[in-house]
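K.L.:
Pasting data.tsv here (TSV, C-alpha atoms):
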```
chain	number	residue	atom	x	y	z
Y	21	MET	CA	0.00	0.00	0.00
Y	22	SER	CA	1.26	3.45	-0.84
Y	23	GLU	CA	2.36	5.52	2.13
Y	24	ASN	CA	1.93	8.87	0.48
Y	25	PHE	CA	-0.66	11.08	2.16
Y	26	GLY	CA	-1.84	12.41	-1.12
Y	27	SER	CA	-2.06	9.35	-3.33
Y	28	SER	CA	-5.15	9.72	-5.54
Y	29	GLY	CA	-6.65	12.22	-3.13
Y	30	GLN	CA	-6.78	9.62	-0.38
Y	31	ILE	CA	-4.85	9.60	2.90
Y	32	GLN	CA	-3.12	6.26	3.36
Y	33	PRO	CA	-1.77	4.56	6.52
Y	34	LEU	CA	1.83	5.32	7.45
Y	35	SER	CA	4.71	3.30	8.82
Y	36	VAL	CA	6.42	4.11	12.14
Y	37	GLY	CA	9.23	5.92	10.37
Y	38	ASN	CA	6.87	7.90	8.16
Y	39	VAL	CA	4.82	9.08	11.14
Y	40	VAL	CA	7.94	10.57	12.72
Y	41	SER	CA	9.19	11.89	9.38
Y	42	ALA	CA	5.89	13.65	8.72
Y	43	ALA	CA	6.02	15.25	12.16
Y	44	VAL	CA	9.57	16.47	11.54
Y	45	ARG	CA	8.57	17.97	8.18
Y	46	LEU	CA	5.57	19.74	9.70
Y	47	TYR	CA	7.73	21.05	12.52
Y	48	ARG	CA	10.38	22.39	10.18
Y	49	SER	CA	7.98	23.93	7.67
Y	50	HIS	CA	5.96	25.79	10.32
Y	51	LEU	CA	8.72	26.35	12.85
Y	52	LYS	CA	8.12	30.05	13.47
Y	53	THR	CA	4.39	29.70	14.07
Y	54	TYR	CA	4.70	26.63	16.27
Y	55	LEU	CA	7.55	28.00	18.37
Y	56	LYS	CA	5.69	31.25	18.98
Y	57	LEU	CA	2.65	29.33	20.21
Y	58	ALA	CA	4.81	27.02	22.33
Y	59	ALA	CA	6.57	29.98	23.95
Y	60	ILE	CA	3.23	31.58	24.82
Y	61	ALA	CA	1.99	28.27	26.23
Y	62	HIS	CA	5.04	27.88	28.48
Y	63	LEU	CA	4.67	31.43	29.79
Y	64	TRP	CA	1.08	30.65	30.74
Y	65	VAL	CA	2.26	27.74	32.91
Y	66	ILE	CA	3.32	30.14	35.69
Y	67	VAL	CA	-0.34	31.15	36.16
Y	68	PRO	CA	-2.12	28.54	38.30
Y	69	VAL	CA	-5.16	26.72	36.89
Y	70	TYR	CA	-6.17	29.17	34.15
Y	71	GLY	CA	-2.63	29.27	32.80
Y	72	TRP	CA	-2.48	25.49	32.83
Y	73	ALA	CA	-5.73	25.39	30.86
Y	74	LYS	CA	-4.23	27.82	28.35
Y	75	TYR	CA	-1.15	25.63	28.02
Y	76	ALA	CA	-3.30	22.58	27.33
Y	77	ALA	CA	-5.46	24.47	24.84
Y	78	ILE	CA	-2.48	25.86	22.93
Y	79	SER	CA	-1.03	22.35	22.76
Y	80	GLY	CA	-4.27	21.24	21.15
Y	81	LEU	CA	-4.18	24.28	18.88
Y	82	ILE	CA	-0.80	23.25	17.47
Y	83	SER	CA	-2.14	19.76	16.79
Y	84	ARG	CA	-5.18	21.22	15.03
Y	85	LEU	CA	-2.99	23.42	12.83
Y	86	ALA	CA	-0.80	20.43	11.99
Y	87	PHE	CA	-3.83	18.27	11.21
Y	88	GLY	CA	-5.14	20.92	8.83
Y	89	GLU	CA	-1.85	20.92	6.97
Y	90	LEU	CA	-1.88	17.13	6.71
Y	91	ILE	CA	-5.29	17.06	5.03
Y	92	TYR	CA	-4.43	20.08	2.87
Y	93	GLN	CA	-7.05	22.23	4.57
Y	94	PRO	CA	-4.81	24.71	6.42
Y	95	GLU	CA	-6.21	27.23	8.88
Y	96	SER	CA	-4.90	30.48	10.22
Y	97	VAL	CA	-3.97	30.59	13.89
Y	98	GLN	CA	-6.95	32.85	14.53
Y	99	ALA	CA	-9.42	30.53	12.81
Y	100	ALA	CA	-8.10	27.50	14.67
Y	101	SER	CA	-8.16	29.44	17.95
Y	102	ASN	CA	-11.84	30.21	17.43
Y	103	HIS	CA	-12.51	26.48	17.59
Y	104	VAL	CA	-10.12	25.69	20.44
Y	105	ASN	CA	-10.62	28.59	22.87
Y	106	PRO	CA	-14.26	27.84	23.79
Y	107	ARG	CA	-13.07	24.38	24.90
Y	108	LEU	CA	-10.41	25.76	27.23
Y	109	TRP	CA	-11.55	23.94	30.36
Y	110	SER	CA	-12.17	20.73	28.47
Y	111	PHE	CA	-8.50	20.71	27.48
Y	112	LEU	CA	-7.55	21.13	31.14
Y	113	ARG	CA	-9.86	18.26	32.02
Y	114	VAL	CA	-8.16	16.05	29.40
Y	115	GLY	CA	-4.70	16.87	30.74
Y	116	PHE	CA	-5.78	16.30	34.34
Y	117	GLN	CA	-7.57	13.04	33.55
Y	118	VAL	CA	-4.65	11.58	31.60
Y	119	GLY	CA	-2.09	12.79	34.15
Y	120	VAL	CA	-3.96	11.31	37.11
Y	121	SER	CA	-4.60	8.08	35.21
Y	122	LEU	CA	-0.90	7.68	34.41
Y	123	LEU	CA	-0.02	8.39	38.05
Y	124	VAL	CA	-2.43	5.69	39.22
Y	125	VAL	CA	-0.98	3.29	36.65
Y	126	TYR	CA	2.55	4.08	37.84
Y	127	LEU	CA	1.66	3.52	41.48
Y	128	GLY	CA	-0.13	0.28	40.66
Y	129	LEU	CA	2.79	-1.03	38.62
Y	130	ALA	CA	5.29	0.05	41.28
Y	131	ILE	CA	3.35	-1.74	44.03
Y	132	ALA	CA	2.88	-4.87	41.92
Y	133	GLY	CA	6.53	-4.83	40.88
Y	134	GLY	CA	7.66	-4.32	44.47
Y	135	ILE	CA	5.59	-7.25	45.71
Y	136	LEU	CA	6.87	-9.47	42.90
Y	137	SER	CA	10.46	-8.41	43.52
Y	138	ALA	CA	10.23	-9.05	47.27
Y	139	ALA	CA	8.70	-12.47	46.67
Y	140	LEU	CA	11.45	-13.44	44.22
Y	141	VAL	CA	14.21	-12.23	46.53
Y	142	ALA	CA	12.76	-14.14	49.46
Y	143	LEU	CA	12.23	-17.31	47.43
Y	144	LEU	CA	15.52	-17.43	45.54
Y	145	GLY	CA	17.52	-15.95	48.40
Y	146	GLY	CA	16.49	-18.81	50.64
Y	147	ILE	CA	17.59	-21.29	48.00
Y	148	LEU	CA	20.81	-19.67	46.79
Y	149	GLY	CA	22.03	-18.02	49.99
Y	150	THR	CA	23.67	-14.59	50.41
Y	151	ALA	CA	25.23	-14.49	46.95
Y	152	GLY	CA	21.88	-15.43	45.49
Y	153	VAL	CA	20.21	-12.52	47.27
Y	154	ILE	CA	22.55	-10.02	45.59
Y	155	VAL	CA	22.06	-11.52	42.14
Y	156	THR	CA	18.31	-11.87	42.62
Y	157	THR	CA	17.97	-8.31	43.90
Y	158	THR	CA	19.79	-6.98	40.85
Y	159	LEU	CA	17.66	-9.02	38.47
Y	160	THR	CA	14.41	-8.04	40.17
Y	161	ILE	CA	15.34	-4.35	40.01
Y	162	ILE	CA	15.93	-4.72	36.28
Y	163	LEU	CA	12.66	-6.62	35.95
Y	164	MET	CA	10.78	-3.93	37.87
Y	165	VAL	CA	12.19	-1.17	35.66
Y	166	ILE	CA	11.15	-3.11	32.55
Y	167	ILE	CA	7.64	-3.65	33.94
Y	168	LEU	CA	7.29	0.05	34.75
Y	169	LEU	CA	8.57	1.20	31.36
Y	170	LEU	CA	6.47	-1.23	29.33
Y	171	GLY	CA	3.38	-0.64	31.44
Y	172	LEU	CA	3.62	3.14	31.37
Y	173	THR	CA	4.37	3.30	27.65
Y	174	TRP	CA	1.45	0.93	26.96
Y	175	PHE	CA	-1.02	3.15	28.78
Y	176	TYR	CA	0.58	6.35	27.45
Y	177	SER	CA	0.19	4.95	23.95
Y	178	ARG	CA	-3.55	4.49	24.58
Y	179	TRP	CA	-3.92	8.15	25.62
Y	180	ILE	CA	-1.29	9.74	23.39
Y	181	VAL	CA	-3.80	11.57	21.17
Y	182	ALA	CA	-6.27	12.31	23.98
Y	183	GLU	CA	-6.46	16.06	23.28
Y	184	VAL	CA	-6.42	15.86	19.48
Y	185	PRO	CA	-10.06	14.79	18.93
Y	186	LEU	CA	-11.12	17.68	21.17
Y	187	ALA	CA	-9.05	20.05	19.04
Y	188	VAL	CA	-10.22	18.68	15.69
Y	189	GLU	CA	-13.68	17.14	15.96
Y	190	GLU	CA	-17.05	18.75	16.48
Y	191	ASN	CA	-19.52	18.03	19.29
Y	192	ILE	CA	-17.10	16.34	21.66
Y	193	ASN	CA	-16.12	17.06	25.25
Y	194	GLY	CA	-13.01	16.31	27.27
Y	195	GLY	CA	-14.08	12.93	28.60
Y	196	GLU	CA	-15.24	11.80	25.17
Y	197	SER	CA	-11.93	12.93	23.67
Y	198	VAL	CA	-9.98	10.74	26.10
Y	199	ALA	CA	-12.28	7.81	25.34
Y	200	ARG	CA	-11.83	8.48	21.62
Y	201	SER	CA	-8.06	8.16	22.00
Y	202	TRP	CA	-8.50	4.88	23.86
Y	203	GLU	CA	-10.72	3.53	21.09
Y	204	LEU	CA	-8.55	4.68	18.18
Y	205	THR	CA	-5.35	3.21	19.62
Y	206	LYS	CA	-6.87	-0.15	20.57
Y	207	ALA	CA	-5.24	-2.21	17.82
Y	208	SER	CA	-2.06	-0.16	17.40
Y	209	VAL	CA	-0.34	-0.07	20.78
Y	210	LEU	CA	2.90	-1.76	19.76
Y	211	ARG	CA	3.23	0.41	16.68
Y	212	ILE	CA	2.56	3.55	18.72
Y	213	GLN	CA	5.18	2.45	21.25
Y	214	GLY	CA	7.57	2.22	18.32
Y	215	VAL	CA	6.64	5.75	17.23
Y	216	VAL	CA	7.14	7.06	20.77
Y	217	LEU	CA	10.51	5.32	21.03
Y	218	VAL	CA	11.76	6.75	17.73
Y	219	ALA	CA	10.46	10.22	18.59
Y	220	PHE	CA	12.15	10.01	21.99
Y	221	PHE	CA	15.51	9.33	20.37
Y	222	VAL	CA	14.94	12.16	17.88
Y	223	THR	CA	14.47	14.65	20.72
Y	224	LEU	CA	16.98	13.08	23.13
Y	225	PRO	CA	20.04	15.16	22.09
Y	226	LEU	CA	18.13	18.38	22.70
Y	227	VAL	CA	16.79	17.17	26.03
Y	228	PHE	CA	20.23	15.99	27.08
Y	229	VAL	CA	21.92	19.31	26.32
Y	230	LEU	CA	19.24	21.62	27.72
Y	231	ASN	CA	17.93	19.55	30.64
Y	232	TYR	CA	20.27	16.79	31.74
Y	233	ILE	CA	23.68	18.48	31.55
Y	234	PRO	CA	22.75	21.46	33.79
Y	235	SER	CA	21.14	19.05	36.25
Y	236	LEU	CA	24.33	17.00	36.40
Y	237	PHE	CA	26.30	20.12	37.33
Y	238	LEU	CA	23.80	20.92	40.09
Y	239	ILE	CA	24.40	17.55	41.73
Y	240	LYS	CA	28.06	18.40	42.29
Y	241	LEU	CA	27.44	21.91	43.62
Y	242	GLU	CA	26.58	22.95	47.15
Y	243	PRO	CA	23.08	24.41	47.48
Y	244	GLY	CA	22.99	28.02	48.63
Y	245	THR	CA	26.21	29.08	46.93
Y	246	VAL	CA	26.37	31.75	44.25
Y	247	ILE	CA	27.57	29.33	41.60
Y	248	TYR	CA	24.72	26.96	42.47
Y	249	GLY	CA	22.22	29.78	41.97
Y	250	ILE	CA	23.72	30.67	38.60
Y	251	VAL	CA	23.72	27.09	37.37
Y	252	TYR	CA	20.19	26.58	38.70
Y	253	PHE	CA	19.02	29.65	36.77
Y	254	ILE	CA	20.70	28.33	33.62
Y	255	SER	CA	19.03	24.97	34.23
Y	256	VAL	CA	15.59	26.57	34.49
Y	257	ILE	CA	16.13	28.61	31.32
Y	258	GLY	CA	17.45	25.53	29.53
Y	259	SER	CA	14.41	23.50	30.55
Y	260	LEU	CA	12.11	26.28	29.36
Y	261	VAL	CA	13.87	26.58	26.01
Y	262	GLY	CA	13.88	22.80	25.65
Y	263	GLY	CA	10.16	22.64	26.35
Y	264	VAL	CA	9.43	25.35	23.78
Y	265	LEU	CA	11.50	23.56	21.14
Y	266	ILE	CA	10.19	20.05	21.78
Y	267	MET	CA	6.50	20.63	22.49
Y	268	PRO	CA	5.51	21.54	18.88
Y	269	PHE	CA	7.22	18.43	17.55
Y	270	TRP	CA	5.23	16.16	19.86
Y	271	GLN	CA	1.97	17.95	19.06
Y	272	ALA	CA	2.65	17.61	15.34
Y	273	LEU	CA	3.47	13.95	15.92
Y	274	LYS	CA	0.14	13.47	17.69
Y	275	ALA	CA	-1.68	15.06	14.75
Y	276	VAL	CA	0.01	12.71	12.29
Y	277	LEU	CA	-0.67	9.73	14.54
Y	278	TYR	CA	-4.31	10.72	15.02
Y	279	LEU	CA	-4.83	10.98	11.27
Y	280	ASP	CA	-3.08	7.68	10.70
Y	281	LEU	CA	-5.15	5.94	13.39
Y	282	ARG	CA	-8.38	7.22	11.89
Y	283	THR	CA	-7.24	6.04	8.48
Y	284	ARG	CA	-6.53	2.56	9.82
Y	285	ARG	CA	-9.58	2.14	12.08
Y	286	GLU	CA	-12.23	4.12	10.23
Y	287	GLY	CA	-10.98	4.13	6.65
Y	288	LEU	CA	-10.74	7.89	6.81
Y	289	GLY	CA	-10.59	9.09	3.23
Y	290	LEU	CA	-10.70	12.84	3.43
Y	291	GLN	CA	-10.76	14.27	-0.06
Y	292	LEU	CA	-8.12	16.91	-0.52
Y	293	ARG	CA	-9.11	20.39	-1.58
Y	294	GLN	CA	-6.13	20.61	-3.90
Y	295	PRO	CA	-3.49	18.24	-5.23
Y	296	PRO	CA	-0.75	17.68	-2.64
Y	297	THR	CA	2.50	19.51	-3.21
Y	298	GLN	CA	4.51	17.67	-0.57
Y	299	ASP	CA	5.11	14.00	0.12
Y	300	PHE	CA	5.45	13.37	3.86
Y	301	ARG	CA	7.42	10.16	3.47
```
Would you write out, as structure tokens, the structure that this file holds?
P.N.:
Amino acid sequence: MSENFGSSGQIQPLSVGNVVSAAVRLYRSHLKTYLKLAAIAHLWVIVPVYGWAKYAAISGLISRLAFGELIYQPESVQAASNHVNPRLWSFLRVGFQVGVSLLVVYLGLAIAGGILSAALVALLGGILGTAGVIVTTTLTIILMVIILLLGLTWFYSRWIVAEVPLAVEENINGGESVARSWELTKASVLRIQGVVLVAFFVTLPLVFVLNYIPSLFLIKLEPGTVIYGIVYFISVIGSLVGGVLIMPFWQALKAVLYLDLRTRREGLGLQLRQPPTQDFR
């Protein structure tokens, strides 16, 4: 099957690599617009509640703009905002619901993993002795990390496009948007996990430079000193810049993924208004 969005006016399913590639192309071709919106969103974060709702809504706005480009029905920022802004609190509800759900999943997996690890250590430690306890403890820690990562990414994959239906579709609320994400991703979890993994590695160098390196310096410095304050300030600025740079990429990725999921599950065949001028492969 062709993996060109515009083949014969029909939008076709994409591979893992093409989903990420399409997101990168969208990000690069609309960099100025997306970065401006991302910067505004991150500034809103400092305002409790209302600012968080604005952040969530602007995130959805970027996805809506990206979706419009993908189906060759682009909108202006103002036109897209007219659809998104009335749903401000619904976007906050989506973010809160997904965040709390992932926290509950994490706690559940951590408790289950802890119980399993303790049982294995007690069982094998009694059989193998002291040396066995050390080996078993190491293996169970590795096992627990794997369980947490796989479990969290599985559930995250089910909710990855939770805000996109709210940003794109008509007559839908926050709860329905989350449920829509769960339904669309039902048969594609492993593929979505692959997309998330590839996207993570694409953004990793930026995250490492702007977030991890300053944090590593902070570990070696004494809190309360002048140099600690300077490095901490640099770390905060770096995290902010990193967030502004990375957020639009992930929102574009979600738009591509949402379109691809609808194509696969619903046979979405949106007719293009004009012949495509760009192949997103």
K.L.:
Could you check which of Y:Phe111, Y:Trp174, Y:Trp179, Y:Phe269 is closest to Leu129 (chain Y), using only C-alpha atoms?
P.N.:
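Once distances to Leu129 (chain Y) are computed over only C-alpha atoms, the minimum belongs to Y:Trp174.
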K.L.:
Looking at Y:Val227, Y:Leu168, Y:Val124, Y:Leu279, which one is nearest to Glu189 (chain Y), with distances taken over only C-alpha atoms?
P.N.:
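Comparing Y:Val227, Y:Leu168, Y:Val124, Y:Leu279 against Glu189 (chain Y), the winner is Y:Leu279.
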K.L.:
I want to know what sits within 12 Å of region 105-107 of chain Y, based on all atoms listed in the file, with residues of the same chain fewer than 4 positions away left out; could you give that as number ranges by chain?
P.N.:
Y: 73-81, 97-101, 111-114, 183, 185-194, 197
K.L.:
Pick out the residues sitting within 9 Å of Ala58 (chain Y), and hand them over as number ranges by chain; count all atoms listed in the file, and ignore anything fewer than 4 positions along from it in its own chain.
P.N.:
Y: 53-54, 62-63, 75, 78-79, 82, 263-268
K.L.:
With the cut-off set at 9 Å and counting all atoms listed in the file, tabulate each residue of region 27-94 of chain Y with an atom at most that distance from an atom of region 215-221 of chain Y, showing the nearest atom pair and its distance in Å to one decimal, ordered by chain and increasing number, as CSV.
P.N.:
```
residue,atom,partner,partner_atom,distance
Y:Ser35,CA,Y:Val215,CA,9.0
Y:Val36,CA,Y:Val215,CA,5.4
Y:Gly37,CA,Y:Val215,CA,7.3
Y:Val39,CA,Y:Val215,CA,7.2
Y:Val40,CA,Y:Ala219,CA,6.4
```
K.L.:
Could the residues in this selection be written to a file with C-alpha atoms, as a JSON list (two decimals), in the coordinates of the input?
P.N.:
```json
[["chain", "number", "residue", "atom", "x", "y", "z"],
["Y", 35, "SER", "CA", 4.71, 3.30, 8.82],
["Y", 36, "VAL", "CA", 6.42, 4.11, 12.14],
["Y", 37, "GLY", "CA", 9.23, 5.92, 10.37],
["Y", 39, "VAL", "CA", 4.82, 9.08, 11.14],
["Y", 40, "VAL", "CA", 7.94, 10.57, 12.72]]
```
K.L.:
One number please: CA of Ile161 (chain Y) to CA of Ser137 (chain Y), in Å, one decimal.
P.N.:
7.3 Å
K.L.:
Using all atoms listed in the file, which of Y:Leu122, Y:Val141, Y:Ala207, Y:Leu260 sits nearest Leu169 (chain Y)?
P.N.:
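When distances to Leu169 (chain Y) are compared using all atoms listed in the file, the smallest one comes from Y:Leu122.
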K.L.:
Could you work out how far CA of Leu224 (chain Y) lies from CA of Glu242 (chain Y), giving the answer in Å with one decimal?
P.N.:
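Value for the CA of Glu242 (chain Y)-CA of Leu224 (chain Y) distance: 27.7 Å.
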